[in-house]
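Undergrad: Just one file: start-v4.csv, with CSV, C-alpha atoms.
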chain,number,residue,atom,x,y,z
A,1,MET,CA,173.5,67.8,80.4
A,2,THR,CA,174.9,64.8,82.1
A,3,THR,CA,175.6,65.1,85.8
A,4,ALA,CA,178.6,63.4,87.2
A,5,ARG,CA,177.7,60.9,89.9
A,6,PRO,CA,179.2,58.1,92.0
A,7,ALA,CA,179.3,54.8,90.2
A,8,LEU,CA,177.6,51.6,91.3
A,9,ASP,CA,179.5,48.9,93.2
A,10,PRO,CA,180.7,46.5,90.4
A,11,GLU,CA,179.0,43.5,91.9
A,12,LEU,CA,175.7,45.4,92.3
A,13,ARG,CA,176.0,46.6,88.8
A,14,GLU,CA,176.1,43.1,87.5
A,15,LEU,CA,173.2,41.9,89.6
A,16,LEU,CA,171.1,45.0,88.7
A,17,ALA,CA,171.7,44.2,85.0
A,18,ASP,CA,169.7,41.0,85.4
A,19,MET,CA,166.7,42.6,87.2
A,20,PRO,CA,163.5,43.7,85.4
A,21,LEU,CA,163.3,47.4,86.3
A,22,MET,CA,160.5,49.9,86.0
A,23,SER,CA,161.2,52.7,83.6
A,24,ARG,CA,158.4,54.9,85.0
A,25,LEU,CA,155.8,55.0,87.7
A,26,ASP,CA,152.3,56.3,87.2
A,27,GLY,CA,148.7,55.3,88.0
A,28,GLU,CA,148.5,52.7,85.3
A,29,VAL,CA,151.9,51.1,86.3
A,30,LEU,CA,151.0,51.2,89.9
A,31,ALA,CA,147.7,49.4,89.3
A,32,GLN,CA,149.7,46.6,87.5
A,33,LEU,CA,152.3,46.4,90.3
A,34,ARG,CA,149.6,46.1,93.0
A,35,ARG,CA,148.3,42.9,91.4
A,36,PHE,CA,151.5,41.2,92.6
A,37,PRO,CA,151.7,40.7,96.3
A,38,SER,CA,154.9,40.5,98.3
A,39,PRO,CA,156.5,37.1,98.4
A,40,PRO,CA,154.8,34.9,100.9
A,41,VAL,CA,156.1,35.0,104.4
A,42,GLU,CA,155.7,31.3,105.1
A,43,PRO,CA,158.9,30.2,103.5
A,44,LEU,CA,160.8,32.6,105.8
A,45,LEU,CA,159.1,31.1,108.8
A,46,ALA,CA,159.5,27.5,107.9
A,47,HIS,CA,163.0,27.0,109.4
A,48,ARG,CA,162.3,29.3,112.4
A,49,GLN,CA,160.7,28.5,115.7
A,50,VAL,CA,158.2,31.4,115.6
A,51,ASP,CA,154.9,32.1,117.2
A,52,ARG,CA,152.8,34.1,114.8
A,53,ARG,CA,149.8,36.3,115.6
A,54,GLU,CA,147.6,38.4,113.3
A,55,ILE,CA,145.6,41.2,114.8
A,56,THR,CA,144.0,44.5,113.8
A,57,VAL,CA,144.0,47.9,115.5
A,58,PRO,CA,141.6,50.7,114.7
A,59,ALA,CA,142.9,53.7,112.9
A,60,GLU,CA,141.8,57.2,114.0
A,61,ASP,CA,138.7,56.9,111.7
A,62,GLY,CA,138.0,53.3,112.8
A,63,THR,CA,139.5,51.6,109.8
A,64,PRO,CA,141.1,48.3,110.8
A,65,ILE,CA,144.9,48.3,110.4
A,66,PRO,CA,146.4,44.8,110.3
A,67,LEU,CA,149.5,44.0,112.3
A,68,SER,CA,151.6,40.8,112.1
A,69,VAL,CA,153.3,39.8,115.3
A,70,PHE,CA,156.3,37.3,115.1
A,71,GLY,CA,157.8,36.2,118.4
A,72,PRO,CA,160.3,33.5,119.3
A,73,ALA,CA,158.6,30.3,120.3
A,74,ASP,CA,159.2,30.0,124.0
A,75,THR,CA,160.7,26.6,124.6
A,76,ASP,CA,162.3,27.1,128.1
A,77,GLY,CA,159.3,28.3,130.1
A,78,GLY,CA,160.1,32.0,129.7
A,79,SER,CA,163.4,33.9,129.3
A,80,GLY,CA,162.4,37.4,130.3
A,81,ALA,CA,161.0,40.3,128.4
A,82,ALA,CA,162.3,40.6,124.8
A,83,PRO,CA,163.2,43.6,122.7
A,84,CYS,CA,160.7,44.6,120.0
A,85,ILE,CA,161.3,45.6,116.4
A,86,TYR,CA,158.3,47.6,115.0
A,87,TRP,CA,158.7,47.4,111.2
A,88,MET,CA,157.3,49.7,108.5
A,89,HIS,CA,157.7,48.4,104.9
A,90,GLY,CA,158.9,50.2,101.9
A,91,GLY,CA,157.2,50.8,98.5
A,92,GLY,CA,157.2,54.6,98.0
A,93,MET,CA,154.1,54.9,100.2
A,94,VAL,CA,152.0,53.6,97.3
A,95,MET,CA,152.7,49.9,97.2
A,96,GLY,CA,153.9,47.0,99.3
A,97,ASP,CA,152.4,45.3,102.4
A,98,ARG,CA,153.5,44.3,105.9
A,99,PHE,CA,155.5,41.3,104.6
A,100,ALA,CA,157.7,43.4,102.3
A,101,GLN,CA,161.4,43.3,103.3
A,102,ILE,CA,160.3,41.3,106.4
A,103,ASP,CA,163.4,39.2,106.1
A,104,ILE,CA,165.4,42.1,107.5
A,105,PRO,CA,163.7,42.3,110.9
A,106,LEU,CA,163.3,38.5,111.1
A,107,GLU,CA,167.1,38.3,111.2
A,108,TRP,CA,166.8,40.3,114.4
A,109,LEU,CA,164.3,37.8,115.8
A,110,ASP,CA,166.9,35.2,115.2
A,111,GLU,CA,169.8,37.2,116.6
A,112,PHE,CA,168.2,38.8,119.7
A,113,GLY,CA,165.0,36.8,120.3
A,114,ALA,CA,163.2,40.1,119.4
A,115,VAL,CA,159.4,40.2,118.9
A,116,VAL,CA,158.8,41.6,115.4
A,117,VAL,CA,155.6,43.6,114.7
A,118,SER,CA,154.9,44.7,111.1
A,119,VAL,CA,152.2,47.1,110.2
A,120,ASP,CA,150.0,47.2,107.1
A,121,TYR,CA,149.5,51.0,107.0
A,122,ARG,CA,147.1,52.3,104.3
A,123,LEU,CA,148.6,53.4,101.0
A,124,ALA,CA,148.5,56.5,98.9
A,125,PRO,CA,146.8,57.8,96.9
A,126,GLU,CA,143.7,56.2,98.6
A,127,ALA,CA,145.1,57.5,101.9
A,128,THR,CA,146.8,60.9,102.0
A,129,GLY,CA,148.4,63.4,104.4
A,130,THR,CA,149.0,62.1,107.9
A,131,ALA,CA,146.9,59.0,107.5
A,132,LEU,CA,149.8,56.7,106.8
A,133,VAL,CA,152.0,57.9,109.7
A,134,ASP,CA,148.9,58.0,112.0
A,135,ASP,CA,148.2,54.3,111.1
A,136,CYS,CA,151.8,53.4,112.1
A,137,TYR,CA,151.6,55.4,115.3
A,138,ARG,CA,148.4,53.6,116.3
A,139,GLY,CA,150.3,50.3,115.9
A,140,LEU,CA,153.0,51.6,118.1
A,141,LEU,CA,150.6,52.6,120.8
A,142,TRP,CA,149.1,49.1,120.7
A,143,ILE,CA,152.5,47.5,121.1
A,144,ALA,CA,153.2,49.7,124.2
A,145,GLU,CA,149.8,49.0,125.7
A,146,HIS,CA,150.1,45.2,125.2
A,147,ALA,CA,153.9,44.8,126.0
A,148,GLY,CA,153.2,42.5,128.9
A,149,GLU,CA,151.1,40.0,127.0
A,150,LEU,CA,153.5,40.1,124.1
A,151,GLY,CA,156.5,39.5,126.4
A,152,ILE,CA,158.1,42.8,125.3
A,153,ASP,CA,160.4,45.0,127.3
A,154,PRO,CA,158.7,48.4,126.9
A,155,ALA,CA,162.1,50.0,127.4
A,156,ARG,CA,163.5,48.3,124.3
A,157,ILE,CA,161.0,49.1,121.5
A,158,VAL,CA,162.9,49.9,118.3
A,159,VAL,CA,161.1,51.6,115.4
A,160,ALA,CA,162.5,50.6,112.0
A,161,GLY,CA,161.7,50.7,108.4
A,162,ALA,CA,163.2,50.8,104.8
A,163,SER,CA,162.6,53.5,102.2
A,164,ALA,CA,159.1,54.8,102.6
A,165,GLY,CA,159.0,52.7,105.8
A,166,GLY,CA,162.1,54.5,107.0
A,167,GLY,CA,160.4,57.9,106.4
A,168,LEU,CA,157.3,56.7,108.3
A,169,ALA,CA,159.5,55.4,111.1
A,170,ALA,CA,161.1,58.8,111.4
A,171,GLY,CA,157.7,60.5,111.3
A,172,VAL,CA,156.3,58.1,114.0
A,173,THR,CA,159.4,58.8,116.2
A,174,LEU,CA,158.8,62.6,115.9
A,175,LEU,CA,155.1,62.1,116.7
A,176,ALA,CA,155.9,60.0,119.8
A,177,ARG,CA,158.4,62.5,121.0
A,178,ASP,CA,155.9,65.4,120.6
A,179,LEU,CA,153.0,63.6,122.2
A,180,GLY,CA,155.2,62.2,125.0
A,181,THR,CA,154.4,58.6,124.5
A,182,PRO,CA,155.3,55.8,124.0
A,183,ALA,CA,159.0,55.5,124.8
A,184,ILE,CA,161.2,54.5,121.8
A,185,ALA,CA,164.6,53.1,122.5
A,186,ALA,CA,166.0,53.7,119.0
A,187,GLN,CA,165.1,54.3,115.4
A,188,VAL,CA,166.6,52.4,112.4
A,189,LEU,CA,166.1,54.2,109.2
A,190,ILE,CA,167.2,52.2,106.1
A,191,CYS,CA,167.6,54.4,103.0
A,192,PRO,CA,164.7,56.5,104.4
A,193,MET,CA,162.3,58.6,102.2
A,194,LEU,CA,162.4,61.8,104.2
A,195,ASP,CA,162.0,64.9,102.0
A,196,HIS,CA,159.1,65.6,99.6
A,197,ARG,CA,160.9,68.5,98.0
A,198,ASN,CA,163.1,66.2,95.9
A,199,THR,CA,165.7,69.0,95.2
A,200,SER,CA,168.9,67.6,96.5
A,201,THR,CA,172.0,67.0,94.4
A,202,SER,CA,171.6,63.2,94.7
A,203,SER,CA,168.0,63.4,93.5
A,204,ARG,CA,169.2,65.1,90.3
A,205,GLN,CA,172.2,62.8,89.9
A,206,TYR,CA,169.8,59.8,89.9
A,207,ALA,CA,166.9,61.3,88.1
A,208,ASP,CA,166.9,58.4,85.6
A,209,GLY,CA,168.5,55.7,87.6
A,210,PRO,CA,170.4,53.4,87.5
A,211,GLY,CA,168.5,51.5,90.2
A,212,VAL,CA,165.0,50.8,91.3
A,213,TRP,CA,163.9,54.3,92.4
A,214,THR,CA,164.4,57.4,90.4
A,215,ARG,CA,163.6,61.1,91.0
A,216,GLY,CA,160.5,60.8,88.8
A,217,MET,CA,159.2,57.8,90.8
A,218,ASN,CA,159.9,59.7,94.0
A,219,GLU,CA,157.8,62.7,92.7
A,220,PHE,CA,155.0,60.3,91.9
A,221,GLY,CA,155.0,58.8,95.4
A,222,TRP,CA,155.1,62.2,97.1
A,223,ARG,CA,152.3,63.6,94.9
A,224,ALA,CA,150.2,60.6,95.8
A,225,VAL,CA,150.6,60.9,99.6
A,226,LEU,CA,150.5,64.7,99.8
A,227,GLY,CA,147.3,65.1,97.7
A,228,ASP,CA,146.4,68.8,97.7
A,229,LEU,CA,148.9,69.7,100.4
A,230,THR,CA,151.6,72.2,99.4
A,231,GLY,CA,154.2,74.4,100.9
A,232,ASP,CA,153.7,75.1,104.6
A,233,GLU,CA,150.7,72.8,104.7
A,234,VAL,CA,153.0,69.7,104.5
A,235,PRO,CA,153.4,68.3,108.1
A,236,ALA,CA,156.9,67.3,109.3
A,237,TYR,CA,155.4,64.0,110.4
A,238,VAL,CA,154.8,63.2,106.8
A,239,SER,CA,158.0,64.7,105.4
A,240,PRO,CA,160.4,64.5,108.4
A,241,ALA,CA,163.1,66.6,106.7
A,242,LEU,CA,160.9,69.6,107.3
A,243,ALA,CA,161.1,69.2,111.1
A,244,ASP,CA,162.7,72.4,112.6
A,245,ASP,CA,163.7,70.6,115.8
A,246,LEU,CA,165.4,67.2,115.9
A,247,SER,CA,166.3,67.3,119.5
A,248,GLY,CA,165.1,64.8,122.0
A,249,LEU,CA,165.0,61.9,119.5
A,250,PRO,CA,166.2,58.4,120.5
A,251,THR,CA,169.5,57.1,119.3
A,252,THR,CA,169.4,56.7,115.5
A,253,TYR,CA,170.9,54.5,112.9
A,254,ILE,CA,170.7,55.7,109.2
A,255,ASP,CA,172.2,54.0,106.2
A,256,THR,CA,172.0,54.8,102.5
A,257,GLY,CA,173.9,54.2,99.3
A,258,SER,CA,176.2,56.7,97.6
A,259,ALA,CA,174.5,56.0,94.3
A,260,GLU,CA,170.9,56.7,95.1
A,261,VAL,CA,168.3,59.4,95.2
A,262,PHE,CA,167.9,59.6,99.0
A,263,ARG,CA,171.7,59.9,99.8
A,264,ASP,CA,171.7,63.6,100.6
A,265,GLU,CA,168.5,63.9,102.5
A,266,ASP,CA,169.5,61.0,104.6
A,267,THR,CA,173.0,62.3,105.4
A,268,ASP,CA,171.5,65.7,106.2
A,269,TYR,CA,169.0,64.2,108.6
A,270,ALA,CA,171.9,62.6,110.6
A,271,THR,CA,173.9,65.8,110.5
A,272,ARG,CA,170.9,67.7,111.9
A,273,ILE,CA,170.4,65.2,114.7
A,274,TRP,CA,174.1,65.7,115.7
A,275,ALA,CA,173.6,69.5,115.5
A,276,ALA,CA,170.7,69.2,117.9
A,277,GLY,CA,172.8,67.2,120.4
A,278,GLY,CA,171.4,63.8,119.6
A,279,GLN,CA,173.2,60.6,118.7
A,280,ALA,CA,173.2,59.1,115.3
A,281,GLU,CA,175.2,56.5,113.4
A,282,LEU,CA,175.4,57.1,109.7
A,283,HIS,CA,176.7,54.7,107.0
A,284,VAL,CA,176.9,55.7,103.3
A,285,TRP,CA,177.7,52.5,101.4
A,286,ALA,CA,179.9,53.3,98.4
A,287,GLY,CA,178.3,52.3,95.2
A,288,GLY,CA,175.0,51.2,96.8
A,289,PHE,CA,171.8,51.9,94.9
A,290,HIS,CA,168.4,52.3,96.6
A,291,GLY,CA,167.4,49.2,98.5
A,292,PHE,CA,170.5,47.3,97.4
A,293,ASP,CA,170.8,45.2,100.6
A,294,ALA,CA,167.2,44.0,100.4
A,295,LEU,CA,167.2,43.4,96.6
A,296,CYS,CA,170.7,41.9,96.4
A,297,PRO,CA,171.3,40.3,99.8
A,298,GLN,CA,173.9,38.0,98.3
A,299,ALA,CA,176.3,40.8,97.3
A,300,ARG,CA,179.3,41.4,99.6
A,301,ILE,CA,178.4,45.0,100.2
A,302,SER,CA,174.8,44.0,101.2
A,303,ALA,CA,176.1,41.3,103.6
A,304,THR,CA,178.4,43.9,105.2
A,305,ALA,CA,175.6,46.5,105.5
A,306,ARG,CA,173.2,44.1,107.1
A,307,ARG,CA,175.9,42.7,109.4
A,308,THR,CA,176.9,46.3,110.5
A,309,ARG,CA,173.3,47.2,111.2
A,310,THR,CA,172.8,44.0,113.3
A,311,ALA,CA,176.1,44.8,115.2
A,312,TRP,CA,174.8,48.3,116.1
A,313,LEU,CA,171.5,46.8,117.4
A,314,ALA,CA,173.5,44.3,119.4
A,315,ARG,CA,175.4,47.1,121.2
A,316,LEU,CA,172.1,49.0,121.8
A,317,LEU,CA,170.1,46.0,123.1
A,318,THR,CA,172.7,44.6,125.3
A,319,ALA,CA,173.9,47.9,126.8
Take the structure I supplied and represent it as structure tokens, if you would.
TA:
Amino acid sequence: MTTARPALDPELRELLADMPLMSRLDGEVLAQLRRFPSPPVEPLLAHRQVDRREITVPAEDGTPIPLSVFGPADTDGGSGAAPCIYWMHGGGMVMGDRFAQIDIPLEWLDEFGAVVVSVDYRLAPEATGTALVDDCYRGLLWIAEHAGELGIDPARIVVAGASAGGGLAAGVTLLARDLGTPAIAAQVLICPMLDHRNTSTSSRQYADGPGVWTRGMNEFGWRAVLGDLTGDEVPAYVSPALADDLSGLPTTYIDTGSAEVFRDEDTDYATRIWAAGGQAELHVWAGGFHGFDALCPQARISATARRTRTAWLARLLTA
């Protein structure tokens, strides 16, 4: 039986037709995909005045977790402490690296003089359970502890991510709230992967696409990260939609497309933040498929989505 569903934006539909898309995701396909790294970051830095630093921080078990730090080159002898964007990449929790979708936060380096820190958290299925979110949290602690030497204003640390990275950003924010440190000024969740249950209306509407992430692919990603965890064993830090209490979170920006798997879990998360007395701004872009603004930045809807996100950050960071 065919399920009625919102149509793709016409311009996105044309662009999507020219893209080579996966029809399935399994262990064999994943192994093939991992042979292709993210596009190199150097071309994105070539026209920018950026200071780059590569460091590692130890995970809970001692595994080194790479962080890339991109800061504006200081040409005027110092202009005060900068905001920080802590970035978590997408890839279904099973692929990608710290340079994936890095063009998004680098725009905020340009716009606000922000220091961008991107984390190379370990991937499933090699890492499972809370390992991924713990890796990201360790990176956040390092930023807070080294804010002075990085020229970062510790009161303006923004946690952000796309897709799986958006889910990890939400998990890190919950973890920081519950542990009482460090302070997070805001979270930016771009089409976030929030709910392992995969039972929403939108997940059924887009079980077979169109787009780059289907219900079946989502099931594969969640099986990989959860391992043997089932039911009540699944922590809310891993699957943030499970969190009973969404109070006390920093102001939140969530956006998603109307034509994608994560639409309903994302809108529900914003609704529950409001119900808990928190502040959230939600945008559901009509006709947007999963990750449309990263994959098709030239489309008018993508430019609008990215510009709107930046305008929200400008209000936040200059308040």
Undergrad: What residues have an atom no more than 12 Å from (168.3, 44.4, 101.8) in the file's own frame, counting all atoms listed in the file, and can you write them as a ChimeraX atom specification?
TA: /A:89-90,100-105,107,161-163,190-191,255-257,288-307,309
Undergrad: Measuring between all atoms listed in the file, which one of A:Leu30, A:Ile143, A:Leu242, A:Leu45 shows the shortest distance to Pro72 (chain A)?
TA: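 Using all atoms listed in the file, Pro72 (chain A) sits closest to A:Leu45.
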Undergrad: State, in Å with one decimal place, the distance from CA of Arg215 (chain A) to CA of Leu189 (chain A).
TA: 19.6 Å
Undergrad: Between CA of Leu109 (chain A) and CA of Gly151 (chain A), what is the distance in Å, rounded to a tenth?
TA: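 The value is 13.3 Å.
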Undergrad: Kindly indicate which residue among A:Glu260, A:Glu54, A:Asp9, A:Glu265 lies nearest to Ser239 (chain A), using all atoms listed in the file for the distances.
TA: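 Ranked by minimum distance to Ser239 (chain A), first place goes to A:Glu265.
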Undergrad: Give me the residues near Glu42 (chain A) as a list in words, where near means some atom within 12 Å (using only C-alpha atoms) and where sequence neighbours in that chain fewer than 5 positions away do not count.
TA: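 Listed by chain and then number, they are His47, Arg48, Val50, Arg52, Phe70, Phe99, Ile102 and Asp103 of chain A.
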Undergrad: My list of candidates is A:Ala176, A:Leu44, A:Val159, A:Val117. Which is closest to Thr56 (chain A) when distances are computed with all atoms listed in the file?
TA: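 The shortest atom-to-atom distance to Thr56 (chain A) comes from A:Val117.
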Undergrad: Write out as a PDB file with C-alpha atoms, keeping the file's coordinate frame which residues come within 9 Å of Leu150 (chain A) when counting only C-alpha atoms, dropping same-chain ones fewer than 5 positions away.
TA:
ATOM      1  CA  VAL A  69     153.300  39.800 115.300  1.00  0.00           C
ATOM      2  CA  GLY A  71     157.800  36.200 118.400  1.00  0.00           C
ATOM      3  CA  ALA A  81     161.000  40.300 128.400  1.00  0.00           C
ATOM      4  CA  ALA A  82     162.300  40.600 124.800  1.00  0.00           C
ATOM      5  CA  VAL A 115     159.400  40.200 118.900  1.00  0.00           C
ATOM      6  CA  ILE A 143     152.500  47.500 121.100  1.00  0.00           C
TER       7      ILE A 143
END
